[in-house]
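Here is final_6.txt, consisting of compact mmCIF, C-alpha atoms:
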```
# COMPACT_ATOMS: atom_id res chain seq x y z
CA MET A 28 142.74 87.46 67.59
CA LYS A 29 140.05 85.13 68.95
CA THR A 30 139.71 81.57 67.76
CA ILE A 31 136.47 79.71 68.37
CA CYS A 32 136.05 76.02 67.59
CA ARG A 33 132.76 74.99 69.19
CA SER A 34 130.24 72.36 68.21
CA SER A 35 127.52 75.02 68.16
CA PHE A 36 129.10 76.43 65.04
CA TYR A 37 129.52 73.04 63.32
CA ARG A 38 125.97 72.95 62.04
CA ALA A 39 126.06 76.61 61.03
CA PHE A 40 129.28 76.51 59.14
CA SER A 41 128.92 73.05 57.71
CA LEU A 42 127.03 74.88 55.01
CA LEU A 43 130.36 76.38 53.98
CA ALA A 44 131.63 72.99 52.97
CA ALA A 45 128.18 72.21 51.64
CA SER A 46 128.15 75.27 49.51
CA GLY A 47 130.85 73.69 47.39
CA LEU A 48 130.03 76.89 45.54
CA ALA A 49 127.61 77.22 42.70
CA LEU A 50 130.16 76.82 40.01
CA GLY A 51 128.67 73.90 38.18
CA LEU A 52 126.45 76.45 36.42
CA ALA A 53 128.35 75.96 33.18
CA SER A 54 125.78 73.73 31.55
CA THR A 55 122.76 76.06 31.73
CA VAL A 56 122.58 79.59 30.33
CA MET A 57 119.50 81.86 30.18
CA ALA A 58 119.12 85.56 29.30
CA GLN A 59 118.08 86.97 32.69
CA ALA A 60 119.10 84.27 35.13
CA THR A 61 121.04 81.05 35.28
CA SER A 62 119.83 78.10 37.33
CA LYS A 63 121.06 74.56 37.83
CA ASN A 64 120.78 71.76 40.36
CA MET A 65 124.03 71.61 42.33
CA ASP A 66 124.34 68.08 43.71
CA GLY A 67 127.46 68.97 45.73
CA MET A 68 125.59 71.45 47.91
CA LYS A 69 124.58 69.21 50.77
CA LEU A 70 125.14 69.81 54.48
CA SER A 71 128.09 68.09 56.14
CA ASN A 72 128.91 67.98 59.85
CA ASP A 73 131.96 65.75 59.67
CA GLN A 74 134.81 68.25 59.99
CA PRO A 75 135.81 70.75 62.69
CA ILE A 76 135.45 74.47 62.06
CA GLN A 77 137.94 77.17 62.97
CA ILE A 78 136.78 80.79 63.24
CA GLU A 79 139.18 83.71 63.60
CA SER A 80 138.55 87.46 63.80
CA ASP A 81 140.12 90.59 65.24
CA GLN A 82 137.24 90.93 67.70
CA LEU A 83 134.30 88.87 68.97
CA GLU A 84 131.33 90.38 70.78
CA ILE A 85 128.71 88.03 72.23
CA ARG A 86 125.40 89.60 73.26
CA GLU A 87 123.64 86.70 75.02
CA GLN A 88 120.51 88.73 75.83
CA ASP A 89 120.08 89.55 72.10
CA LYS A 90 121.21 86.06 71.01
CA VAL A 91 123.83 87.53 68.66
CA ALA A 92 127.56 86.92 68.15
CA VAL A 93 129.43 89.53 66.09
CA PHE A 94 132.84 88.72 64.58
CA THR A 95 134.60 91.88 63.38
CA GLY A 96 137.74 92.44 61.34
CA ASN A 97 139.54 89.91 59.15
CA VAL A 98 136.95 87.20 59.78
CA LYS A 99 138.09 83.81 58.54
CA VAL A 100 136.12 80.57 58.81
CA VAL A 101 137.76 77.31 57.72
CA GLN A 102 136.23 73.85 57.47
CA GLY A 103 138.16 71.25 55.49
CA THR A 104 138.99 72.72 52.08
CA THR A 105 136.32 75.44 52.41
CA THR A 106 137.18 78.98 53.53
CA LEU A 107 134.95 82.00 54.13
CA GLN A 108 136.47 85.46 54.62
CA ALA A 109 134.69 88.74 55.33
CA GLY A 110 135.12 91.97 57.24
CA LEU A 111 132.06 91.31 59.41
CA MET A 112 130.08 88.21 60.36
CA THR A 113 126.97 88.27 62.56
CA VAL A 114 125.53 85.01 63.92
CA TYR A 115 121.89 85.03 65.10
CA TYR A 116 120.67 82.20 67.30
CA ARG A 117 117.55 81.33 69.27
CA GLY A 118 116.24 79.27 72.15
CA GLU A 119 115.68 79.86 75.83
CA GLY A 120 118.72 79.03 77.91
CA THR A 121 120.94 78.50 74.86
CA SER A 122 124.35 80.08 74.59
CA VAL A 123 127.08 80.29 72.00
CA THR A 124 129.69 79.91 74.72
CA ASN A 125 128.07 76.69 75.99
CA GLY A 126 127.95 75.22 72.49
CA ASP A 127 124.18 74.69 72.49
CA ALA A 128 123.02 77.63 70.36
CA ASP A 129 120.38 76.94 67.71
CA ILE A 130 121.75 79.11 64.90
CA GLU A 131 119.05 80.75 62.82
CA LYS A 132 121.02 82.85 60.35
CA ILE A 133 124.48 84.21 59.58
CA ASP A 134 125.12 87.52 57.81
CA VAL A 135 128.50 88.32 56.24
CA SER A 136 129.61 91.60 54.66
CA GLN A 137 132.57 93.76 53.72
CA LYS A 138 134.27 91.93 50.85
CA VAL A 139 133.00 88.37 51.10
CA PHE A 140 135.23 85.62 49.70
CA LEU A 141 134.17 81.97 49.64
CA SER A 142 136.48 79.22 48.40
CA SER A 143 136.09 75.46 48.21
CA GLY A 144 138.76 73.45 46.43
CA THR A 145 139.20 74.96 42.96
CA GLN A 146 135.95 76.97 43.19
CA GLN A 147 135.71 80.57 44.38
CA ALA A 148 133.08 83.28 44.82
CA THR A 149 133.27 86.94 45.73
CA ALA A 150 130.42 89.26 46.74
CA ASP A 151 129.66 92.37 48.77
CA SER A 152 127.50 90.51 51.28
CA GLY A 153 125.83 87.22 52.02
CA GLU A 154 123.21 85.56 54.16
CA PHE A 155 123.13 81.95 55.31
CA ASN A 156 119.54 81.26 56.44
CA LEU A 157 119.70 77.96 58.29
CA ALA A 158 115.99 77.88 59.09
CA ALA A 159 115.11 78.03 55.37
CA GLN A 160 118.28 76.13 54.31
CA VAL A 161 119.13 78.84 51.74
CA PHE A 162 122.23 80.92 51.26
CA THR A 163 122.51 84.08 49.18
CA LEU A 164 125.54 86.03 47.99
CA GLN A 165 124.89 89.47 46.51
CA GLY A 166 126.43 92.74 45.47
CA ASP A 167 127.20 94.98 42.54
CA ARG A 168 129.17 92.10 41.06
CA VAL A 169 129.01 88.51 42.31
CA VAL A 170 131.77 86.52 40.62
CA LEU A 171 131.93 82.73 40.63
CA SER A 172 134.86 80.89 39.12
CA GLU A 173 136.30 77.43 38.66
CA GLY A 174 139.46 77.34 36.63
CA GLN A 175 138.83 79.33 33.45
CA ASN A 176 135.01 79.19 33.84
CA VAL A 177 133.63 82.49 35.19
CA PHE A 178 130.03 83.47 36.05
CA ILE A 179 129.03 87.06 36.84
CA GLY A 180 125.75 88.36 38.22
CA CYS A 181 124.42 90.28 41.20
CA LYS A 182 122.73 87.61 43.30
CA LEU A 183 123.44 83.93 43.82
CA THR A 184 120.81 81.91 45.68
CA VAL A 185 121.44 78.28 46.68
CA LYS A 186 118.99 75.87 48.34
CA MET A 187 121.29 73.86 50.60
CA THR A 188 119.04 70.79 50.90
CA THR A 189 118.68 70.23 47.16
CA GLY A 190 121.74 72.00 45.76
CA GLU A 191 119.55 74.03 43.39
CA ALA A 192 121.30 77.28 42.50
CA LYS A 193 120.23 80.42 40.68
CA LEU A 194 122.38 83.34 39.50
CA ASP A 195 120.46 86.57 38.82
CA SER A 196 121.64 89.39 36.58
CA CYS A 197 122.34 92.99 37.45
CA GLY A 198 119.31 94.22 35.51
CA GLY A 199 120.81 93.17 32.20
CA ARG A 200 122.15 89.73 31.54
CA VAL A 201 124.17 87.13 33.40
CA GLN A 202 127.70 86.93 32.00
CA ILE A 203 129.39 83.58 31.57
CA GLN A 204 132.78 82.68 30.16
CA LEU A 205 133.31 78.95 29.57
CA ASP A 206 136.51 77.13 28.74
CA PRO A 207 135.67 74.17 26.46
CA LYS A 208 138.76 72.36 27.77
CA SER A 209 137.15 72.18 31.22
CA ALA A 210 134.23 70.02 30.03
CA LYS A 211 134.18 66.53 31.51
CA LYS A 212 134.98 63.81 29.00
CA PRO A 213 132.52 60.86 28.81
```
As structure tokens - that is how I would like this structure written.
Amino acid sequence: MKTICRSSFYRAFSLLAASGLALGLASTVMAQATSKNMDGMKLSNDQPIQIESDQLEIREQDKVAVFTGNVKVVQGTTTLQAGLMTVYYRGEGTSVTNGDADIEKIDVSQKVFLSSGTQQATADSGEFNLAAQVFTLQGDRVVLSEGQNVFIGCKLTVKMTTGEAKLDSCGGRVQIQLDPKSAKKP
């Protein structure tokens, strides 16, 4: 098992803590899609990141790092797990091993699980586009939950700079189960 804890990944994976997950969707429901501004989805670079996987392949000439098998990324109370994670970076003379890579995008697949505090999401795959500051989780069934509140769709899109989130349906309707006991009291 390889463990990487480099500053080059701080910026990339700070979005994991920033994602805070899109589980504040409880207050807005629409027939085909659900959208809401998620104030907790801001970038944070204040905590170290630990990355573990069964294998790590770095292809410097292609500017790609591929983490394979039991991938686990932890930053603070946020955890990302997947079977495969591919990190794409850019810049002449940059290197993941030197800690100066400018990370462009991260793809995750093979049973994606994202957890932050009491919030969780599962999906088939995901993309964290750092250039556009957007992350997307998608699959046959994307499930978001916080306590007894559950949101089901096929695609979750979150703008990391604003926290705006949108959950799209699977061709039918977004499914939401809300627990009235979870509502915040004034």
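Nearest residue to Leu83 (chain A) among A:Asp167, A:Thr113, A:Val177, A:Phe155 is A:Thr113, counting all atoms listed in the file.
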Identify the residues around (125.3, 92.2, 52.8) within a radius of 7 Å, measuring from all atoms listed in the file in the coordinates stated by the file, and give them as a ChimeraX atom specification.
/A:134-136,151-153,165
With all atoms listed in the file as the counted atoms, please give the residues lying no more than 7 Å from Ser142 (chain A), apart from itself and same-chain residues fewer than 6 positions off, as number ranges by chain.
A: 105-107, 148
Identify, on the basis of all atoms listed in the file, every residue whose closest approach to Lys99 (chain A) does not exceed 10 Å; exclude the query and any residue fewer than 3 positions from it along the same chain; express the result as an MDAnalysis selection string.
chainID A and resid 30 77:81 94 96 106:112 140:141
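For the pair CA of Asp195 (chain A) and CA of Lys182 (chain A), the separation is 5.1 Å.
Across the structure, CA of Gly198 (chain A) and CA of Gln137 (chain A) are spaced 22.5 Å apart.
Ranking A:Gly190, A:Gly174, A:Gly180, A:Gly120 by their shortest atom-to-atom distance to Thr145 (chain A), with all atoms listed in the file included, puts A:Gly174 first.
A straight line drawn from CA of Lys138 (chain A) to CA of Gln88 (chain A) is 28.7 Å long.
Minimum atom-to-atom distance to Thr149 (chain A), evaluated using all atoms listed in the file, belongs to A:Arg168 out of A:Arg168, A:Ala92, A:Thr163, A:Lys132.
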Edge lengths and centre, in Å to one decimal, as lines of an AutoDock Vina configuration file: that's what I need for the box along x, y and z that holds all listed atoms of region 106-115 of chain A plus 8 Å on each side.
```
center_x = 129.5
center_y = 85.5
center_z = 59.3
size_x = 31.3
size_y = 29.0
size_z = 27.6
```
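Across A:Gly118, A:Gly103, A:Pro75, A:Gly199, the tightest approach to Glu87 (chain A) is made by A:Gly118 when counting only C-alpha atoms.
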Add whatever atoms are absent from region 186-207 of chain A to reach N, CA and C atoms, and provide the output as a CSV table (one decimal), in the frame of the given file.
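Produced file part-v1.csv, reproduced below:
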```csv
chain,number,residue,atom,x,y,z
A,186,LYS,N,119.8,76.7,47.4
A,186,LYS,CA,119.0,75.9,48.3
A,186,LYS,C,119.9,74.7,48.8
A,187,MET,N,120.3,74.8,50.1
A,187,MET,CA,121.3,73.9,50.6
A,187,MET,C,120.8,72.4,50.7
A,188,THR,N,119.5,72.2,50.8
A,188,THR,CA,119.0,70.8,50.9
A,188,THR,C,119.0,70.1,49.6
A,189,THR,N,118.8,70.8,48.5
A,189,THR,CA,118.7,70.2,47.2
A,189,THR,C,119.9,70.5,46.3
A,190,GLY,N,120.6,71.6,46.6
A,190,GLY,CA,121.7,72.0,45.8
A,190,GLY,C,121.3,72.9,44.6
A,191,GLU,N,120.0,73.2,44.5
A,191,GLU,CA,119.6,74.0,43.4
A,191,GLU,C,120.1,75.4,43.6
A,192,ALA,N,120.7,76.0,42.5
A,192,ALA,CA,121.3,77.3,42.5
A,192,ALA,C,120.8,78.2,41.4
A,193,LYS,N,120.7,79.5,41.7
A,193,LYS,CA,120.2,80.4,40.7
A,193,LYS,C,121.1,81.7,40.8
A,194,LEU,N,121.6,82.1,39.6
A,194,LEU,CA,122.4,83.3,39.5
A,194,LEU,C,121.6,84.4,38.8
A,195,ASP,N,121.2,85.5,39.4
A,195,ASP,CA,120.5,86.6,38.8
A,195,ASP,C,121.4,87.6,38.3
A,196,SER,N,120.9,88.3,37.2
A,196,SER,CA,121.6,89.4,36.6
A,196,SER,C,121.6,90.7,37.4
A,197,CYS,N,122.3,91.7,36.9
A,197,CYS,CA,122.3,93.0,37.4
A,197,CYS,C,121.4,93.9,36.7
A,198,GLY,N,120.2,93.4,36.3
A,198,GLY,CA,119.3,94.2,35.5
A,198,GLY,C,119.5,94.0,34.0
A,199,GLY,N,120.6,93.5,33.6
A,199,GLY,CA,120.8,93.2,32.2
A,199,GLY,C,120.8,91.7,32.0
A,200,ARG,N,122.0,91.2,31.8
A,200,ARG,CA,122.2,89.7,31.5
A,200,ARG,C,123.3,89.1,32.4
A,201,VAL,N,123.1,87.9,32.7
A,201,VAL,CA,124.2,87.1,33.4
A,201,VAL,C,125.3,87.0,32.4
A,202,GLN,N,126.5,87.1,32.9
A,202,GLN,CA,127.7,86.9,32.0
A,202,GLN,C,128.4,85.6,32.4
A,203,ILE,N,128.7,84.8,31.3
A,203,ILE,CA,129.4,83.6,31.6
A,203,ILE,C,130.5,83.4,30.5
A,204,GLN,N,131.7,83.0,31.0
A,204,GLN,CA,132.8,82.7,30.2
A,204,GLN,C,133.1,81.2,30.4
A,205,LEU,N,133.0,80.4,29.4
A,205,LEU,CA,133.3,79.0,29.6
A,205,LEU,C,134.5,78.5,28.8
A,206,ASP,N,135.3,77.7,29.4
A,206,ASP,CA,136.5,77.1,28.7
A,206,ASP,C,136.1,75.7,28.3
A,207,PRO,N,136.1,75.5,27.0
A,207,PRO,CA,135.7,74.2,26.5
A,207,PRO,C,136.6,73.1,26.9
```
